[in-house]
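Data file: upload14.tsv. Format and content: TSV, C-alpha atoms.
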```tsv
chain	number	residue	atom	x	y	z
A	102	MET	CA	97.43	98.07	98.08
A	103	LEU	CA	94.48	96.15	99.48
A	104	SER	CA	92.25	93.53	97.87
A	105	SER	CA	90.17	90.57	99.03
A	106	TYR	CA	90.32	86.90	98.04
A	107	LYS	CA	88.34	84.04	99.62
A	108	ASN	CA	87.49	86.08	102.73
A	109	ASN	CA	91.20	86.85	103.25
A	110	VAL	CA	92.58	90.32	102.93
A	111	ILE	CA	95.54	90.52	100.54
A	112	TYR	CA	98.18	93.20	100.98
A	113	SER	CA	100.61	93.79	98.14
A	114	GLY	CA	103.83	95.67	97.51
A	115	THR	CA	106.32	95.99	94.66
A	116	GLY	CA	110.07	95.92	95.14
A	117	ARG	CA	112.86	96.61	92.67
A	118	ARG	CA	116.62	96.13	92.71
A	119	LYS	CA	119.07	96.26	89.79
A	120	THR	CA	116.92	94.75	86.99
A	121	SER	CA	114.77	92.59	89.28
A	122	ILE	CA	111.11	93.23	90.02
A	123	ALA	CA	109.20	91.41	92.76
A	124	ARG	CA	105.44	91.63	93.21
A	125	VAL	CA	104.72	90.52	96.77
A	126	LYS	CA	101.31	89.50	98.16
A	127	VAL	CA	100.89	89.03	101.92
A	128	ILE	CA	97.97	86.98	103.27
A	129	PRO	CA	97.30	86.06	106.92
A	130	GLY	CA	98.46	82.47	107.33
A	131	SER	CA	101.14	80.19	108.73
A	132	GLY	CA	104.42	81.63	107.42
A	133	LYS	CA	104.80	80.05	103.94
A	134	LEU	CA	107.06	81.70	101.38
A	135	ILE	CA	106.14	80.87	97.76
A	136	ILE	CA	108.23	82.40	94.96
A	137	ASN	CA	107.11	81.84	91.35
A	138	GLY	CA	105.09	78.79	92.42
A	139	LEU	CA	108.01	77.12	94.23
A	140	PRO	CA	108.77	76.98	97.95
A	141	GLY	CA	111.01	79.91	98.86
A	142	GLU	CA	113.83	77.71	100.17
A	143	SER	CA	114.19	75.78	96.92
A	144	TYR	CA	113.78	78.88	94.70
A	145	LEU	CA	116.54	80.68	96.62
A	146	GLN	CA	118.71	77.50	96.41
A	147	PHE	CA	118.53	76.84	100.17
A	148	SER	CA	120.87	79.79	100.76
A	149	PRO	CA	120.48	81.00	104.36
A	150	ASN	CA	121.72	84.45	103.31
A	151	TYR	CA	119.05	84.92	100.61
A	152	LEU	CA	116.34	83.61	102.94
A	153	ARG	CA	117.48	85.95	105.71
A	154	ILE	CA	117.49	88.94	103.34
A	155	SER	CA	114.06	88.10	101.88
A	156	CYS	CA	112.35	87.67	105.26
A	157	ALA	CA	114.14	90.52	107.08
A	158	PRO	CA	111.04	92.76	107.39
A	159	LEU	CA	109.01	89.94	108.97
A	160	ASN	CA	111.81	89.07	111.39
A	161	THR	CA	112.26	92.73	112.34
A	162	LEU	CA	108.57	93.01	113.25
A	163	GLY	CA	108.39	89.49	114.76
A	164	LEU	CA	105.66	88.39	112.33
A	165	HIS	CA	107.48	85.50	110.59
A	166	LYS	CA	104.79	82.89	111.43
A	167	GLU	CA	101.73	85.09	110.92
A	168	TYR	CA	101.59	85.72	107.16
A	169	ASP	CA	101.92	83.70	103.97
A	170	ILE	CA	103.97	85.42	101.28
A	171	TYR	CA	103.39	84.88	97.56
A	172	VAL	CA	105.95	86.43	95.23
A	173	LYS	CA	106.24	86.83	91.47
A	174	ALA	CA	109.89	87.68	90.83
A	175	GLU	CA	111.39	88.37	87.42
A	176	GLY	CA	114.60	89.73	85.96
A	177	GLY	CA	118.12	89.83	87.31
A	178	GLY	CA	119.72	87.20	89.51
A	179	LEU	CA	119.02	85.79	92.93
A	180	THR	CA	120.73	88.62	94.82
A	181	GLY	CA	118.67	91.29	93.08
A	182	GLN	CA	115.50	89.26	93.45
A	183	ALA	CA	116.09	88.67	97.18
A	184	ASP	CA	116.57	92.41	97.74
A	185	ALA	CA	113.51	93.19	95.62
A	186	ILE	CA	111.44	90.73	97.67
A	187	ARG	CA	112.64	92.42	100.86
A	188	LEU	CA	111.54	95.86	99.66
A	189	GLY	CA	108.18	94.61	98.35
A	190	LEU	CA	107.50	92.77	101.60
A	191	ALA	CA	108.37	95.83	103.66
A	192	ARG	CA	105.99	97.96	101.59
A	193	ALA	CA	103.21	95.40	101.96
A	194	LEU	CA	103.71	95.28	105.74
A	195	CYS	CA	103.42	99.08	105.85
A	196	SER	CA	100.01	98.83	104.19
A	197	ILE	CA	98.91	96.28	106.84
A	198	ASN	CA	99.69	98.59	109.74
A	199	PRO	CA	101.03	102.14	109.28
A	200	GLU	CA	102.85	101.86	112.64
A	201	ASN	CA	105.14	99.23	111.08
A	202	ARG	CA	106.58	101.98	108.89
A	203	ILE	CA	108.51	103.58	111.78
A	204	THR	CA	110.32	100.34	112.66
A	205	LEU	CA	111.01	99.32	109.06
A	206	LYS	CA	112.24	102.79	108.11
A	207	SER	CA	114.67	102.95	111.04
A	208	GLU	CA	116.10	99.58	109.96
A	209	GLY	CA	116.54	100.88	106.37
A	210	LEU	CA	114.20	98.28	104.87
A	211	LEU	CA	112.05	100.81	102.99
A	212	ARG	CA	114.95	102.33	101.04
A	213	ARG	CA	115.26	101.29	97.40
A	214	ASP	CA	118.85	100.49	96.46
A	215	SER	CA	119.19	102.49	93.25
A	216	ARG	CA	122.57	101.10	92.14
A	217	VAL	CA	122.40	99.58	88.67
A	218	LYS	CA	125.10	98.38	86.30
A	219	GLU	CA	126.93	101.24	84.60
A	220	ARG	CA	126.95	101.22	80.80
A	221	LYS	CA	130.05	100.36	78.83
A	222	LYS	CA	131.75	103.31	77.11
A	223	TYR	CA	133.37	103.14	73.70
A	224	GLY	CA	137.16	102.81	73.71
A	225	LEU	CA	137.06	101.00	77.05
A	226	ARG	CA	136.88	97.29	77.87
A	227	LYS	CA	134.16	97.66	80.50
A	228	ALA	CA	132.43	100.67	82.02
A	229	ARG	CA	135.70	102.09	83.37
A	230	LYS	CA	138.45	99.60	82.60
A	231	ALA	CA	140.78	101.01	79.95
A	232	PRO	CA	143.17	99.03	77.73
A	233	GLN	CA	146.73	98.85	78.98
A	234	TYR	CA	148.82	101.88	78.02
A	235	SER	CA	151.76	101.18	75.73
A	236	LYS	CA	154.43	103.81	75.28
A	237	ARG	CA	155.84	102.24	72.09
```
The structure in this file should be written as structure tokens.
Amino acid sequence: MLSSYKNNVIYSGTGRRKTSIARVKVIPGSGKLIINGLPGESYLQFSPNYLRISCAPLNTLGLHKEYDIYVKAEGGGLTGQADAIRLGLARALCSINPENRITLKSEGLLRRDSRVKERKKYGLRKARKAPQYSKR
């Protein structure tokens, strides 16, 4: 999706994972990552793994210092939100340049991970864990 703000072009994409939703806006800039109004490093608790996952599309294309990323993330935990940010960022980068799609698709960054928590069934302790069998 494309919109304009203060003479800058804004590209946006939405990512989802588990119960997390991330709305990502990409603006030409210096490489800032802002998540829910906080710097990305502090929001993701300075975890190098979450930061690497979130910025994977930029690193794949070699654009990590060319765009500022503004994210509104909600729902789920940090793992789901990091994966949702990755998908939303990849979709936004595809709207910037359609040739990016080939590289991102071959790396698997445009695939939505559809795994969600399975519901608990009656008579069981969790989704599949059954109570211990007793013969007597």
Inset, instruction - Name all residues at most 12 Å from range 165-171 of chain A (count all atoms listed in the file; drop same-chain ones fewer than 4 positions away) and give them as a count of residues only. - result: 43
Inset, instruction - Counting all atoms listed in the file, figure out which residue out of A:Arg220, A:Ala228, A:Val172, A:Asn198 gets nearest to Tyr144 in chain A. - result: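 Using all atoms listed in the file, Tyr144 in chain A sits closest to A:Val172.
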Inset, instruction - Up to 10 Å from (110.8, 101.6, 108.7) in the file's coordinates: name the residues, counting only C-alpha atoms, as a PyMOL selection string. - result: chain A and resi 158+161-162+191-192+194-195+199-212
Inset, instruction - May I ask which of the residues A:Gly177, A:Ser196, A:Gly163, A:Asn150 is the closest one to Val217 in chain A, counting only C-alpha atoms? - result: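 Among A:Gly177, A:Ser196, A:Gly163, A:Asn150, it is A:Gly177 that comes nearest to Val217 in chain A.
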Legend entry - Nearest to Gly116 in chain A by atom-to-atom distance, counting all atoms listed in the file, from A:Arg237, A:Lys218, A:Ala174, A:Pro232: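 Ranking A:Arg237, A:Lys218, A:Ala174, A:Pro232 by distance to Gly116 in chain A, first place goes to A:Ala174.
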Inset, instruction - State, in Å with one decimal place, the distance from CA of Glu175 in chain A to CA of Lys119 in chain A. - result: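 CA of Lys119 in chain A lies 11.3 Å from CA of Glu175 in chain A.
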